[in-house]
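This report concerns only the one structure given below.
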Amino acid sequence: MDALFANLEHAFLTGEPWGSGPAVDDAIGADGRALDDAIGAYFQHAKATPAERAAMLGRLDSLLRARPSAARPPSIDRCGAIALLAGALVEISEESVGESFPKAVFDLLLTELQSLPSDPEAAEEFEFSEGYYLLERAAMAYLSRSATRRASLPQRDALRQNLRRYGERYGFLGKMLHVLDDEPFLVLDAENRRGFRLRAFGIADNFQLHALLREALTAGPIPAGHAIPGEPFPAEASAVLHGRSSTDVSIGSNWQLSTWRGLDPSSRSEGDGRGEMRGLRTKDAEKIDTSAWIWNEGFPAEIPLCAPLGVRVILIHVGGIHRSWHPHRIFDAMDGRVVVDAILEPEDVDAALAALS
């Protein structure tokens, strides 16, 4: 392992071939000393020797942290290649080994984000090098496998503050850093007086949230008298949604989701807690008020807290625009799910709706 690390270190810091020796020659052959060869040899040895994998993964942190003090600092692309090696080792390792992932990856990501131009228009046009996206992929491999890792990441707040561009906000890193775990939600169907208290875990975006809500709150999982109207997904679509299959299937929904601000108080009659979502009755599509709609392209952390109720609220209208999409997970290793804690009685739904007006 020492010879392989020395070879990797030399190739990383200099980009040049490095010496020879039985351990290195046996691992990568006498002809190759480039960084790709060194990375391949290091990975193959770690892959074959699980007992040493944590140590081999951990040594990559010191390698990345040596970059600033190097006589000729390696490019961010070389750093990305080392980070991708670390991510690959995490993917084939149990969680305890994965904890040895080099946290320097997140410092490098932060440094890259801080290099964005301060002018918003210039930042919009800025493009990172390939190394940034390799660092990002490695970070996803590490963070997607543990809610604890996501919650305890020291650089999380700083990274989020520096994700200024629209594309980065909704990119892989932006979505991962905004994932909610064990987050309470109140879900209300005003027209049908149905309501639920639930918790969300590891959901990457609102496509996934919408699908999981649709699956969890319709008849079958929920008693028919309390369920929100909707057809169950086919078994093959549910398998894809939960990461048990990669079949190319689509799902559909005619639910419209809205934040708590989407309730139209004028649609409620006196003594009736029910109401409708804003803009559903207009005949002029250009005048539909969509300001409170929850778009599938967003992510759950954007759904605002409702101060009167102290929780994020989702309003559901059945019979809205029919949408279809593929239910594949963005992050294969992240187990997105919703857990229904309580089914509300109609009078409890009325009381919650009254608090929104």
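Ligands are numbered from 1 in the order shown, residues from 1 within each chain, and chains are lettered A, B, ... in the order they appear in the structure tokens.
The list of residues with at least one atom within 8 Å of Asp332 of chain A, based on only C-alpha atoms and without residues fewer than 3 positions apart in the same chain, reads Ser144, Gly243, Arg329 and Asp335 of chain A.
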Got time to write the residues from that selection, N, CA and C atoms, as an mmCIF file, in the first residue's frame?
```
data_model
loop_
_atom_site.group_PDB
_atom_site.id
_atom_site.type_symbol
_atom_site.label_atom_id
_atom_site.label_comp_id
_atom_site.auth_asym_id
_atom_site.auth_seq_id
_atom_site.Cartn_x
_atom_site.Cartn_y
_atom_site.Cartn_z
ATOM 1 N N SER A 144 -24.932 10.996 0.093
ATOM 2 C CA SER A 144 -26.191 10.316 -0.203
ATOM 3 C C SER A 144 -26.408 9.077 0.656
ATOM 4 N N GLY A 243 -36.036 2.602 -5.732
ATOM 5 C CA GLY A 243 -34.683 2.157 -6.023
ATOM 6 C C GLY A 243 -34.505 0.669 -6.169
ATOM 7 N N ARG A 329 -34.668 7.916 -9.062
ATOM 8 C CA ARG A 329 -34.008 8.746 -8.056
ATOM 9 C C ARG A 329 -32.866 9.542 -8.675
ATOM 10 N N ASP A 335 -32.276 6.985 0.279
ATOM 11 C CA ASP A 335 -33.579 6.342 0.431
ATOM 12 C C ASP A 335 -34.635 7.386 0.772
#
```
Selection near Ala104 of chain A, 12 Å with only C-alpha atoms, sequence-local residues under 3 positions removed, as a PDB file with C-alpha atoms, in the first residue's frame:
```pdb
ATOM      1  CA  GLY A  58      -8.267   8.079   4.667  1.00  0.00           C
ATOM      2  CA  ARG A  59      -4.849   8.740   3.164  1.00  0.00           C
ATOM      3  CA  LEU A  60      -6.438  10.596   0.276  1.00  0.00           C
ATOM      4  CA  ASP A  61      -7.343  13.475   2.588  1.00  0.00           C
ATOM      5  CA  SER A  62      -3.707  14.276   3.305  1.00  0.00           C
ATOM      6  CA  LEU A  63      -3.020  14.069  -0.416  1.00  0.00           C
ATOM      7  CA  LEU A  64      -5.650  16.693  -1.253  1.00  0.00           C
ATOM      8  CA  ARG A  65      -4.611  18.930   1.629  1.00  0.00           C
ATOM      9  CA  ALA A  66      -1.020  18.946   0.354  1.00  0.00           C
ATOM     10  CA  ARG A  67      -2.117  20.804  -2.759  1.00  0.00           C
ATOM     11  CA  PRO A  68      -1.761  24.405  -1.475  1.00  0.00           C
ATOM     12  CA  CYS A  79      -7.959  17.030  -7.400  1.00  0.00           C
ATOM     13  CA  GLY A  80     -11.239  15.966  -8.936  1.00  0.00           C
ATOM     14  CA  ILE A  82      -8.499  11.899  -6.626  1.00  0.00           C
ATOM     15  CA  ALA A  83     -11.908  12.818  -5.221  1.00  0.00           C
ATOM     16  CA  ALA A  86     -12.511   8.397  -2.985  1.00  0.00           C
ATOM     17  CA  SER A 100     -12.858   7.861   6.119  1.00  0.00           C
ATOM     18  CA  PHE A 101     -13.847   9.834   3.015  1.00  0.00           C
ATOM     19  CA  ASP A 107     -13.016  22.553   1.273  1.00  0.00           C
ATOM     20  CA  LEU A 108     -12.025  22.367  -2.380  1.00  0.00           C
ATOM     21  CA  LEU A 109     -15.641  22.698  -3.496  1.00  0.00           C
ATOM     22  CA  LEU A 110     -16.010  25.759  -1.288  1.00  0.00           C
ATOM     23  CA  THR A 111     -12.849  27.301  -2.723  1.00  0.00           C
ATOM     24  CA  LEU A 135     -15.471  16.792  -6.746  1.00  0.00           C
ATOM     25  CA  ALA A 138     -17.531  12.349  -5.047  1.00  0.00           C
ATOM     26  CA  ALA A 139     -19.388  14.477  -2.512  1.00  0.00           C
ATOM     27  CA  LEU A 153     -21.120  18.451   7.406  1.00  0.00           C
ATOM     28  CA  PRO A 154     -19.087  21.428   8.754  1.00  0.00           C
ATOM     29  CA  GLN A 155     -18.973  23.222   5.397  1.00  0.00           C
TER      30      GLN A 155
END
```
Inset, instruction - Using DSSP on the backbone, list every residue of segment 49-259 of chain A that comes out as strand (DSSP E or B), and give them as a ChimeraX atom specification. - result: /A:181-189,194-201,219,222,251-258
May I have the selected residues written with C-alpha atoms, as an mmCIF file, in the first residue's frame?
```
data_model
loop_
_atom_site.group_PDB
_atom_site.id
_atom_site.type_symbol
_atom_site.label_atom_id
_atom_site.label_comp_id
_atom_site.auth_asym_id
_atom_site.auth_seq_id
_atom_site.Cartn_x
_atom_site.Cartn_y
_atom_site.Cartn_z
ATOM 1 C CA ASP A 181 -34.223 14.551 6.993
ATOM 2 C CA ASP A 182 -36.870 13.766 9.593
ATOM 3 C CA GLU A 183 -38.680 16.960 8.600
ATOM 4 C CA PRO A 184 -42.349 17.305 9.681
ATOM 5 C CA PHE A 185 -44.994 18.343 7.142
ATOM 6 C CA LEU A 186 -48.706 18.989 7.334
ATOM 7 C CA VAL A 187 -50.527 17.917 4.156
ATOM 8 C CA LEU A 188 -54.085 19.173 3.574
ATOM 9 C CA ASP A 189 -56.668 18.449 0.898
ATOM 10 C CA ARG A 194 -58.395 15.226 4.292
ATOM 11 C CA GLY A 195 -55.213 15.857 6.216
ATOM 12 C CA PHE A 196 -52.033 14.153 7.404
ATOM 13 C CA ARG A 197 -49.052 14.796 9.594
ATOM 14 C CA LEU A 198 -45.959 13.158 8.156
ATOM 15 C CA ARG A 199 -42.183 13.281 8.108
ATOM 16 C CA ALA A 200 -39.933 13.392 5.066
ATOM 17 C CA PHE A 201 -36.528 11.750 4.775
ATOM 18 C CA ALA A 219 -56.397 4.435 -0.831
ATOM 19 C CA ILE A 222 -54.586 4.973 3.793
ATOM 20 C CA ILE A 251 -45.875 7.957 -13.610
ATOM 21 C CA GLY A 252 -48.628 10.534 -13.778
ATOM 22 C CA SER A 253 -50.546 12.742 -11.378
ATOM 23 C CA ASN A 254 -53.373 15.261 -11.605
ATOM 24 C CA TRP A 255 -52.593 16.669 -8.170
ATOM 25 C CA GLN A 256 -51.584 20.309 -7.867
ATOM 26 C CA LEU A 257 -49.373 21.028 -4.875
ATOM 27 C CA SER A 258 -49.215 24.431 -3.214
#
```
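In this comparison, which uses only C-alpha atoms, the residue of A:Ala141, A:Ala190, A:Ala333, A:Leu309 approaching Glu347 of chain A most closely is A:Ala190.
Counting only C-alpha atoms and comparing A:Val318, A:Leu35, A:Met1, A:Leu209, the residue that lies closest to Gly15 of chain A is A:Leu35.
We find atom CA of Ala342 of chain A and atom CA of Trp325 of chain A to be spaced 28.7 Å apart.
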Legend entry - Best match for closeness to Leu353 of chain A among A:Gly319, A:Gly336, A:Gly262, A:Pro102, counting only C-alpha atoms: A:Gly262
